[in-house]
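Here is entry.txt, consisting of compact mmCIF, C-alpha atoms:
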# COMPACT_ATOMS: atom_id res chain seq x y z
CA MET O 279 23.67 13.63 -0.98
CA ARG O 280 21.04 15.59 -2.84
CA ALA O 281 18.58 17.45 -0.61
CA ILE O 282 14.96 16.43 -0.69
CA SER O 283 12.59 19.01 -2.04
CA GLN O 284 9.14 18.41 -0.66
CA ILE O 285 6.21 20.54 -1.70
CA TRP O 286 3.48 20.16 0.89
CA ARG O 287 0.61 21.46 -1.15
CA SER O 288 -1.62 20.32 -3.93
CA SER O 289 -1.11 21.62 -7.43
CA PRO O 290 -3.89 22.29 -9.91
CA THR O 291 -2.56 19.47 -12.10
CA TYR O 292 -5.30 16.95 -12.68
CA LYS O 293 -4.29 13.35 -13.21
CA VAL O 294 -6.16 10.38 -14.59
CA THR O 295 -4.70 6.93 -14.03
CA LYS O 296 -6.15 3.77 -15.48
CA LEU O 297 -4.93 0.25 -14.77
CA ILE O 298 -6.19 -1.80 -17.66
CA GLU O 299 -6.60 -5.56 -17.79
CA PHE O 300 -6.66 -7.45 -21.05
CA ALA O 301 -9.24 -10.14 -21.67
CA PRO O 302 -7.89 -13.69 -21.50
CA GLY O 303 -6.62 -14.83 -24.86
CA THR O 304 -5.78 -11.37 -26.15
CA ASN O 305 -2.76 -11.97 -28.31
CA ASP O 306 0.46 -9.97 -28.25
CA SER O 307 -0.15 -8.07 -31.47
CA ARG O 308 -3.56 -6.91 -30.31
CA ARG O 309 -2.10 -5.86 -26.96
CA ALA O 310 0.64 -3.93 -28.72
CA ARG O 311 -1.85 -2.24 -31.03
CA LEU O 312 -4.05 -1.16 -28.12
CA LEU O 313 -1.04 0.09 -26.19
CA ALA O 314 0.18 2.10 -29.18
CA ARG O 315 -3.21 3.70 -29.76
CA LEU O 316 -3.64 4.60 -26.09
CA ALA O 317 -0.17 6.13 -26.12
CA GLU O 318 -1.03 8.09 -29.23
CA ALA O 319 -4.22 9.43 -27.62
CA ALA O 320 -2.16 10.51 -24.61
CA ARG O 321 -0.18 12.84 -26.88
CA ALA O 322 -3.21 15.10 -27.28
CA PRO O 323 -2.35 18.83 -26.99
CA GLU O 324 -4.20 19.29 -23.69
CA VAL O 325 -2.05 16.60 -22.02
CA VAL O 326 1.02 17.98 -20.24
CA ARG O 327 2.64 14.70 -19.22
CA SER O 328 1.86 11.02 -19.58
CA VAL O 329 3.10 7.48 -19.35
CA VAL O 330 1.40 4.61 -21.11
CA ASN O 331 3.14 1.29 -20.80
CA CYS O 332 2.75 -2.40 -20.02
CA SER O 333 2.94 -3.21 -16.35
CA LEU O 334 5.89 -5.24 -15.16
CA PRO O 335 5.55 -8.63 -13.45
CA GLY O 336 4.79 -8.51 -9.75
CA ASN O 337 1.81 -6.20 -9.65
CA GLN O 338 -1.22 -6.83 -7.45
CA ASN O 339 -4.68 -6.49 -8.99
CA GLY O 340 -2.95 -4.02 -11.28
CA GLY O 341 -3.88 -5.23 -14.74
CA ASP O 342 -1.67 -5.37 -17.78
CA LEU O 343 -0.99 -1.77 -18.61
CA ILE O 344 -0.94 1.66 -17.03
CA ARG O 345 -2.35 4.74 -18.70
CA HIS O 346 -1.42 7.81 -16.67
CA VAL O 347 -2.26 11.23 -18.11
CA GLN O 348 -1.83 14.69 -16.61
CA TYR O 349 -3.74 17.85 -17.49
CA PRO O 350 -2.97 21.44 -16.44
CA ASP O 351 -6.09 21.47 -14.27
CA ARG O 352 -9.52 19.92 -13.81
CA ALA O 353 -11.09 22.29 -16.31
CA ALA O 354 -8.67 21.15 -19.02
CA TYR O 355 -9.51 17.56 -18.22
CA ASP O 356 -13.25 18.30 -18.41
CA ARG O 357 -12.75 19.97 -21.79
CA SER O 358 -10.79 16.95 -22.99
CA LEU O 359 -13.82 14.73 -22.44
CA THR O 360 -15.36 16.18 -25.59
CA SER O 361 -12.20 15.80 -27.68
CA SER O 362 -11.66 13.24 -30.39
CA ALA O 363 -8.67 11.89 -28.48
CA TRP O 364 -10.87 11.08 -25.50
CA ARG O 365 -13.50 9.46 -27.69
CA ASP O 366 -10.70 7.34 -29.13
CA VAL O 367 -9.72 6.25 -25.61
CA GLU O 368 -13.30 5.40 -24.69
CA GLY O 369 -13.62 3.38 -27.86
CA LEU O 370 -10.40 1.54 -27.20
CA LEU O 371 -11.38 0.70 -23.63
CA ALA O 372 -14.70 -0.66 -24.84
CA ASP O 373 -12.82 -3.04 -27.09
CA ALA O 374 -13.41 -6.73 -26.49
CA SER O 375 -9.73 -7.15 -25.68
CA VAL O 376 -10.19 -5.10 -22.48
CA ALA O 377 -11.59 -7.12 -19.58
CA GLY O 378 -11.69 -4.31 -17.05
CA GLU O 379 -10.03 -1.27 -15.62
CA GLU O 380 -9.41 0.56 -12.39
CA SER O 381 -9.72 4.27 -12.99
CA VAL O 382 -9.00 7.27 -10.79
CA GLY O 383 -9.06 11.01 -11.41
CA TYR O 384 -7.44 13.36 -8.92
CA GLU O 385 -5.87 16.71 -8.29
CA ALA O 386 -2.17 16.17 -7.73
CA GLY O 387 -1.49 16.08 -4.00
CA PRO O 388 1.64 16.89 -2.00
CA ILE O 389 4.75 16.05 -3.99
CA GLY O 390 8.28 15.19 -2.97
CA VAL O 391 11.24 15.38 -5.30
CA ARG O 392 14.64 13.89 -4.54
CA GLN O 393 15.79 13.48 -8.12
CA PRO O 394 14.07 15.97 -10.42
CA ASP O 395 16.25 14.99 -13.36
CA LEU O 396 15.28 11.31 -13.24
CA SER O 397 14.42 10.88 -16.89
CA ALA O 398 13.88 7.13 -16.97
CA GLY O 399 13.03 4.51 -14.39
CA ILE O 400 10.11 2.80 -12.73
CA PHE O 401 6.76 4.47 -12.09
CA ARG O 402 4.70 2.74 -9.40
CA VAL O 403 1.07 3.36 -8.50
CA LEU O 404 -0.83 2.10 -5.46
CA LEU O 405 -4.60 2.57 -5.25
CA LEU O 406 -6.12 2.21 -1.82
CA LYS O 407 -9.46 2.65 -0.13
CA VAL O 408 -9.79 3.93 3.42
CA LEU O 409 -12.37 2.02 5.44
CA ASP O 410 -15.71 3.73 5.88
CA GLY O 411 -16.11 5.65 9.11
CA THR O 412 -12.42 6.37 9.63
CA PRO O 413 -12.11 9.74 11.40
CA GLN O 414 -10.52 12.46 9.28
CA ALA O 415 -7.80 13.11 11.87
CA ILE O 416 -6.71 9.47 11.62
CA VAL O 417 -6.71 9.63 7.81
CA GLU O 418 -4.48 12.69 7.96
CA ARG O 419 -2.06 10.94 10.31
CA PHE O 420 -1.93 7.98 7.93
CA GLU O 421 -1.28 10.32 5.00
CA ALA O 422 1.53 12.04 6.86
CA GLU O 423 3.20 8.75 7.77
CA LEU O 424 2.88 7.45 4.20
CA GLN O 425 4.39 10.65 2.82
CA ALA O 426 7.27 10.28 5.26
CA MET O 427 8.35 6.95 3.75
CA PRO O 428 10.88 8.54 1.36
CA ARG O 429 12.56 10.24 4.31
CA TYR O 430 13.62 6.77 5.42
CA ILE O 431 13.67 4.88 2.11
CA SER O 432 16.06 6.60 -0.24
CA SER O 433 15.28 4.41 -3.25
CA ILE O 434 12.03 6.38 -3.58
CA ARG O 435 13.33 9.15 -5.78
CA ASN O 436 10.16 11.18 -6.38
CA TRP O 437 6.69 10.70 -4.92
CA GLN O 438 3.18 12.07 -4.65
CA LEU O 439 0.16 11.20 -2.54
CA SER O 440 -3.19 12.37 -3.85
CA ARG O 441 -6.80 12.10 -2.78
CA VAL O 442 -9.08 10.67 -5.44
CA ALA O 443 -11.91 12.78 -6.84
CA ASP O 444 -13.38 10.33 -9.38
CA SER O 445 -13.10 6.58 -9.16
CA SER O 446 -14.35 3.42 -10.80
CA GLY O 447 -13.41 -0.23 -10.57
CA ALA O 448 -13.29 -2.78 -7.79
CA ARG O 449 -13.40 -0.17 -5.00
CA PRO O 450 -14.26 3.50 -4.54
CA TRP O 451 -10.56 4.39 -4.35
CA ALA O 452 -9.61 7.09 -1.85
CA HIS O 453 -5.87 7.64 -2.44
CA VAL O 454 -3.23 7.27 -5.11
CA TRP O 455 0.34 6.75 -3.89
CA GLU O 456 2.80 7.28 -6.73
CA GLN O 457 6.53 6.84 -6.66
CA GLU O 458 9.46 6.88 -9.05
CA TYR O 459 12.47 4.57 -8.69
CA GLU O 460 15.65 4.35 -10.67
CA ASP O 461 15.01 0.65 -11.27
CA VAL O 462 12.88 -2.27 -10.09
CA SER O 463 15.39 -3.24 -7.42
CA GLY O 464 14.60 -0.01 -5.58
CA LEU O 465 10.99 -1.14 -5.25
CA HIS O 466 11.53 -4.83 -4.53
CA GLY O 467 14.55 -4.22 -2.33
CA PRO O 468 14.66 -1.17 -0.07
CA TYR O 469 10.98 -0.25 -0.37
CA MET O 470 9.72 -3.69 0.65
CA ARG O 471 12.50 -4.55 3.08
CA HIS O 472 12.82 -1.33 4.99
CA LEU O 473 11.91 -1.30 8.69
CA TYR O 474 9.76 1.78 8.24
CA HIS O 475 7.59 -0.13 5.78
CA TRP O 476 7.00 -3.47 7.47
CA GLY O 477 7.70 -2.40 11.03
CA TYR O 478 5.64 0.78 11.05
CA ILE O 479 3.54 1.68 8.00
CA ASP O 480 2.06 -1.73 7.34
CA ARG O 481 -0.06 -1.56 10.49
CA TRP O 482 -2.42 0.81 8.67
CA PHE O 483 -3.00 -1.90 6.08
CA HIS O 484 -3.12 -5.05 8.16
CA PRO O 485 -6.42 -6.44 9.49
CA GLU O 486 -4.69 -7.88 12.56
CA SER O 487 -3.62 -4.42 13.60
CA PRO O 488 -6.07 -2.31 15.59
CA ASP O 489 -4.71 0.64 13.61
CA GLN O 490 -5.88 -0.75 10.25
CA ILE O 491 -7.82 1.80 8.20
CA VAL O 492 -7.05 0.57 4.65
CA ASP O 493 -9.14 -2.01 2.83
CA THR O 494 -7.14 -5.19 2.23
CA TYR O 495 -8.01 -5.09 -1.47
CA LEU O 496 -5.30 -2.99 -3.10
CA CYS O 497 -4.21 -2.31 -6.63
CA GLN O 498 -0.52 -1.80 -7.22
CA CYS O 499 1.12 -1.64 -10.58
CA PHE O 500 4.44 -0.46 -11.95
CA CYS O 501 5.96 0.13 -15.35
CA ARG O 502 8.96 1.70 -17.01
CA PHE O 503 8.89 5.37 -17.93
CA GLU O 504 11.11 7.34 -20.25
CA ASN O 505 10.14 10.87 -19.28
CA GLY O 506 9.67 12.10 -15.74
CA VAL O 507 6.14 11.50 -14.47
CA ILE O 508 6.11 13.03 -10.97
CA ARG O 509 7.12 16.65 -11.31
CA GLY O 510 6.24 19.82 -9.43
CA MET E 235 20.93 -8.46 4.43
CA ALA E 236 18.31 -9.08 7.10
CA ASP E 237 17.61 -12.78 6.68
CA SER E 238 18.66 -14.24 10.02
CA GLU E 239 17.59 -11.57 12.50
CA LYS E 240 14.68 -12.24 14.79
CA ILE E 241 11.70 -9.92 14.43
CA TYR E 242 9.38 -9.84 17.41
CA ILE E 243 5.62 -9.50 17.13
CA VAL E 244 4.30 -8.05 20.37
CA ASP E 245 0.60 -8.27 21.10
CA ARG E 246 -0.35 -6.14 24.09
CA ILE E 247 -3.88 -6.78 25.23
CA THR E 248 -5.69 -5.25 28.16
CA SER E 249 -8.66 -7.39 29.04
CA LYS E 250 -12.09 -6.40 30.22
CA PRO E 251 -12.31 -6.77 34.03
CA GLY E 252 -12.01 -10.42 35.05
CA ARG E 253 -11.59 -11.68 31.43
CA GLY E 254 -7.81 -11.89 31.16
CA ARG E 255 -7.43 -15.56 31.90
CA THR E 256 -10.29 -16.64 29.64
CA PHE E 257 -8.97 -14.45 26.84
CA LEU E 258 -5.50 -15.99 27.04
CA GLU E 259 -6.88 -19.53 27.07
CA LEU E 260 -8.95 -18.82 23.96
CA TYR E 261 -6.04 -16.98 22.30
CA MET E 262 -3.82 -20.03 22.72
CA GLU E 263 -6.57 -22.39 21.64
CA ARG E 264 -8.00 -20.43 18.71
CA TYR E 265 -5.31 -18.02 17.49
CA ALA E 266 -1.97 -19.62 18.30
CA PRO E 267 -2.22 -22.76 16.09
CA GLY E 268 -2.84 -20.66 12.97
CA ALA E 269 -0.09 -18.25 13.92
CA ARG E 270 2.38 -21.15 14.13
CA LYS E 271 1.26 -22.33 10.69
CA ARG E 272 2.04 -18.86 9.36
CA GLY E 273 5.60 -19.24 10.63
CA MET E 274 5.33 -17.45 13.96
CA THR E 275 7.16 -18.87 16.97
CA HIS E 276 5.71 -18.22 20.40
CA GLU E 277 8.44 -16.79 22.59
CA PHE E 278 6.71 -16.09 25.90
CA THR E 279 3.74 -14.41 27.54
CA LEU E 280 3.75 -11.92 30.39
CA VAL E 281 0.80 -10.97 32.51
CA ALA E 282 0.42 -7.84 34.60
CA PRO E 283 -0.36 -7.62 37.38
CA PRO E 284 1.04 -11.13 37.94
CA LEU E 285 -2.18 -12.71 39.09
CA TRP E 286 -5.49 -13.33 37.41
CA MET E 287 -7.80 -10.52 38.39
CA THR E 288 -11.46 -11.32 38.90
CA ASP E 289 -12.86 -7.81 38.98
CA ARG E 290 -10.20 -5.79 37.18
CA PRO E 291 -8.30 -5.95 33.90
CA ASN E 292 -5.12 -7.85 33.21
CA THR E 293 -2.63 -6.72 30.63
CA LEU E 294 -1.04 -9.47 28.56
CA TYR E 295 2.15 -9.21 26.53
CA ILE E 296 2.22 -12.09 24.08
CA ILE E 297 5.51 -12.22 22.24
CA TRP E 298 6.02 -14.04 18.94
CA SER E 299 8.87 -14.01 16.47
CA VAL E 300 9.79 -14.70 12.87
CA VAL E 301 13.31 -14.84 11.51
CA GLY E 302 14.04 -12.45 8.66
CA VAL E 303 12.08 -9.91 6.66
CA ALA E 304 10.86 -12.28 3.94
CA PRO E 305 9.19 -14.59 6.51
CA TRP E 306 7.69 -11.50 8.12
CA TRP E 307 6.01 -10.56 4.82
CA GLU E 308 4.91 -14.16 4.29
CA MET E 309 3.35 -14.21 7.77
CA ALA E 310 1.64 -10.88 7.12
CA ARG E 311 0.42 -11.88 3.67
CA ARG E 312 -1.12 -15.11 4.93
CA SER E 313 -2.96 -13.57 7.87
CA ARG E 314 -4.11 -10.61 5.77
CA HIS E 315 -6.19 -12.90 3.61
CA ASP E 316 -7.29 -15.39 6.27
CA ASP E 317 -10.89 -14.77 7.30
CA ALA E 318 -10.42 -16.96 10.38
CA VAL E 319 -7.89 -14.48 11.75
CA THR E 320 -10.21 -11.53 11.25
CA GLU E 321 -13.10 -13.46 12.76
CA TRP E 322 -11.02 -14.38 15.80
CA TRP E 323 -10.17 -10.77 16.57
CA ALA E 324 -13.78 -9.71 16.05
CA GLU E 325 -15.02 -12.38 18.48
CA ALA E 326 -12.32 -11.52 21.00
CA GLU E 327 -13.48 -7.91 21.14
CA SER E 328 -15.98 -8.79 23.87
CA MET E 329 -13.07 -9.73 26.17
CA ILE E 330 -10.75 -6.87 25.27
CA ASP E 331 -10.64 -3.35 26.61
CA SER E 332 -7.78 -2.28 24.33
CA ARG E 333 -4.99 -3.82 22.33
CA ASP E 334 -2.11 -2.96 20.08
CA ARG E 335 0.48 -4.83 18.07
CA HIS E 336 4.08 -3.77 17.63
CA TYR E 337 6.95 -5.14 15.61
CA ALA E 338 10.30 -4.95 17.34
CA SER E 339 13.85 -6.19 17.15
CA ASP E 340 16.88 -6.53 19.32
CA ILE E 341 18.77 -3.24 19.31
CA ALA E 342 21.86 -5.17 18.29
CA ASP E 343 20.12 -6.16 15.03
CA LEU E 344 19.06 -2.68 13.97
CA ALA E 345 22.09 -2.04 11.79
CA VAL E 346 21.62 -5.26 9.84
CA LEU E 347 17.87 -4.83 9.54
CA SER E 348 18.42 -1.29 8.28
CA ASP E 349 20.88 -2.42 5.63
CA VAL E 350 18.43 -2.79 2.79

Kindly return the structure encoded in the file as structure tokens.
Amino acid sequence: MRAISQIWRSSPTYKVTKLIEFAPGTNDSRRARLLARLAEAARAPEVVRSVVNCSLPGNQNGGDLIRHVQYPDRAAYDRSLTSSAWRDVEGLLADASVAGEESVGYEAGPIGVRQPDLSAGIFRVLLLKVLDGTPQAIVERFEAELQAMPRYISSIRNWQLSRVADSSGARPWAHVWEQEYEDVSGLHGPYMRHLYHWGYIDRWFHPESPDQIVDTYLCQCFCRFENGVIRG
Amino acid sequence: MADSEKIYIVDRITSKPGRGRTFLELYMERYAPGARKRGMTHEFTLVAPPLWMTDRPNTLYIIWSVVGVAPWWEMARRSRHDDAVTEWWAEAESMIDSRDRHYASDIADLAVLSDV
């Protein structure tokens, strides 16, 4: 079995993830055109890694496509805001075919890598908001337990938990929990069915649990990727 | 695959002094019917110490079950988005000193439940 490499520190990499929802009635060709143009904009020289793809069925408040872009650091991201590529993105997202988006910007948090050579698979994003007034020590315990999931659930091949710096959408998002799987069955099977998930972690999310600290409104979305997304 | 193993839902509630009996009556009247509709089966309830205290707390262990992981998620999904459940626990706060909820299984089922 391959050893797990876990890097318990943030990197300067700055990530921007948008979950984009199409307006009702947007036809397939228009969706494909928007997707292609967003993907093209993500190939700007200042971008070090990206995935832009339609979300797969089964997401939760996750929209129709994911646009995930990584920059070397926050300064590079800030510089990109004046680039033509970024203006293209803003223009595209203002298009009538876009009904809304959830958007988060964040320095990449602690990363874990079990399969660094995973070149294609499923990229999954969960956006969550911690309830107001939650003590920082409790938040840190929650973060530690969430990051420990892959220790028990081997279908999570690579993962990263980050704290959000900039957020817009339905909630002021606090965390982004990203994972890579070899295929969808790793998410729908072991991830959802493992004891550690439903028997232990879910208490942070469930309003019946006195331990709940996470807002019940979540966004989770997943898509295929063809180049590794979560890398140290 | 874990589809026939019993998963226990254990509510442990320590009441405010003298409120244990009233809490349990209201729990069974207000909370239990909805829990059954969400697929939970009431197994049994324990009370400690084994008499209703009038000036001290009682601790209650209320044990429910569902059979299989998919029904567990269905139960959790339904209560997560049921305002009546949240309202019940908020109202019950005045009778509760502390509480926690655990999910548990028979040790004999661990191997099957872990086979995901």

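Between atom CA of O:Lys296 and atom CA of O:Trp451 there is a distance of 12.0 Å.
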
Only residues of chain E matter here; which ones have an atom within 8 Å of chain O, counting only C-alpha atoms? Give them as a ChimeraX atom specification. /E:303-304,307,310,313-315,319-320,323,333-338,347-348,350

Just want the 8 Å neighbourhood of stretch 322-337 of chain O, counted on all atoms listed in the file, with same-chain residues fewer than 5 positions away dropped. Output as a PDB file with C-alpha atoms, in the frame of the given file.
ATOM      1  CA  LEU O 313      -1.040   0.090 -26.190  1.00  0.00           C
ATOM      2  CA  LEU O 316      -3.640   4.600 -26.090  1.00  0.00           C
ATOM      3  CA  ALA O 317      -0.170   6.130 -26.120  1.00  0.00           C
ATOM      4  CA  ASP O 342      -1.670  -5.370 -17.780  1.00  0.00           C
ATOM      5  CA  LEU O 343      -0.990  -1.770 -18.610  1.00  0.00           C
ATOM      6  CA  ILE O 344      -0.940   1.660 -17.030  1.00  0.00           C
ATOM      7  CA  ARG O 345      -2.350   4.740 -18.700  1.00  0.00           C
ATOM      8  CA  HIS O 346      -1.420   7.810 -16.670  1.00  0.00           C
ATOM      9  CA  VAL O 347      -2.260  11.230 -18.110  1.00  0.00           C
ATOM     10  CA  GLN O 348      -1.830  14.690 -16.610  1.00  0.00           C
ATOM     11  CA  TYR O 349      -3.740  17.850 -17.490  1.00  0.00           C
ATOM     12  CA  PRO O 350      -2.970  21.440 -16.440  1.00  0.00           C
ATOM     13  CA  ALA O 354      -8.670  21.150 -19.020  1.00  0.00           C
ATOM     14  CA  TYR O 355      -9.510  17.560 -18.220  1.00  0.00           C
ATOM     15  CA  SER O 358     -10.790  16.950 -22.990  1.00  0.00           C
ATOM     16  CA  ALA O 363      -8.670  11.890 -28.480  1.00  0.00           C
ATOM     17  CA  CYS O 497      -4.210  -2.310  -6.630  1.00  0.00           C
ATOM     18  CA  GLN O 498      -0.520  -1.800  -7.220  1.00  0.00           C
ATOM     19  CA  CYS O 499       1.120  -1.640 -10.580  1.00  0.00           C
ATOM     20  CA  PHE O 500       4.440  -0.460 -11.950  1.00  0.00           C
ATOM     21  CA  CYS O 501       5.960   0.130 -15.350  1.00  0.00           C
ATOM     22  CA  ARG O 502       8.960   1.700 -17.010  1.00  0.00           C
ATOM     23  CA  PHE O 503       8.890   5.370 -17.930  1.00  0.00           C
ATOM     24  CA  ASN O 505      10.140  10.870 -19.280  1.00  0.00           C
ATOM     25  CA  VAL O 507       6.140  11.500 -14.470  1.00  0.00           C
TER      26      VAL O 507
END

Can you list, as a PyMOL selection string, every protein, DNA or RNA residue that comes within 7 Å of stretch 379-390 of chain O when you count all atoms listed in the file, leaving out same-chain residues fewer than 6 positions away? chain O and resi 283-299+436-448+510

Give me the residues near stretch 302-307 of chain O as a ChimeraX atom specification, where near means some atom within 7 Å (using only C-alpha atoms) and where sequence neighbours in that chain fewer than 3 positions away do not count. /O:310-311,375

Close residues, stretch 260-269 of chain E itself excluded, 9 Å, all atoms listed in the file, min 3 positions apart in chain, as a list in words: Arg255, Thr256, Phe257, Arg272, Gly273, Met274, Thr275, His276, Trp298, Met309, Ser313, Ala318, Val319, Trp322, Trp323 and Ala326 of chain E

Write out the residues from the selection above, keeping C-alpha atoms, as a tab-separated table (two decimals), in the coordinates of the input.
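Written out: again-v6.tsv:
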chain	number	residue	atom	x	y	z
E	255	ARG	CA	-7.43	-15.56	31.90
E	256	THR	CA	-10.29	-16.64	29.64
E	257	PHE	CA	-8.97	-14.45	26.84
E	272	ARG	CA	2.04	-18.86	9.36
E	273	GLY	CA	5.60	-19.24	10.63
E	274	MET	CA	5.33	-17.45	13.96
E	275	THR	CA	7.16	-18.87	16.97
E	276	HIS	CA	5.71	-18.22	20.40
E	298	TRP	CA	6.02	-14.04	18.94
E	309	MET	CA	3.35	-14.21	7.77
E	313	SER	CA	-2.96	-13.57	7.87
E	318	ALA	CA	-10.42	-16.96	10.38
E	319	VAL	CA	-7.89	-14.48	11.75
E	322	TRP	CA	-11.02	-14.38	15.80
E	323	TRP	CA	-10.17	-10.77	16.57
E	326	ALA	CA	-12.32	-11.52	21.00

What gap, in Å, lies between atom CA of O:Arg449 and atom CA of O:Leu496? 8.8 Å

Measuring atom to atom with only C-alpha atoms, identify which of O:Ala314, O:Gly341, O:Trp482, O:Gln457 is nearest to O:Arg419. O:Trp482
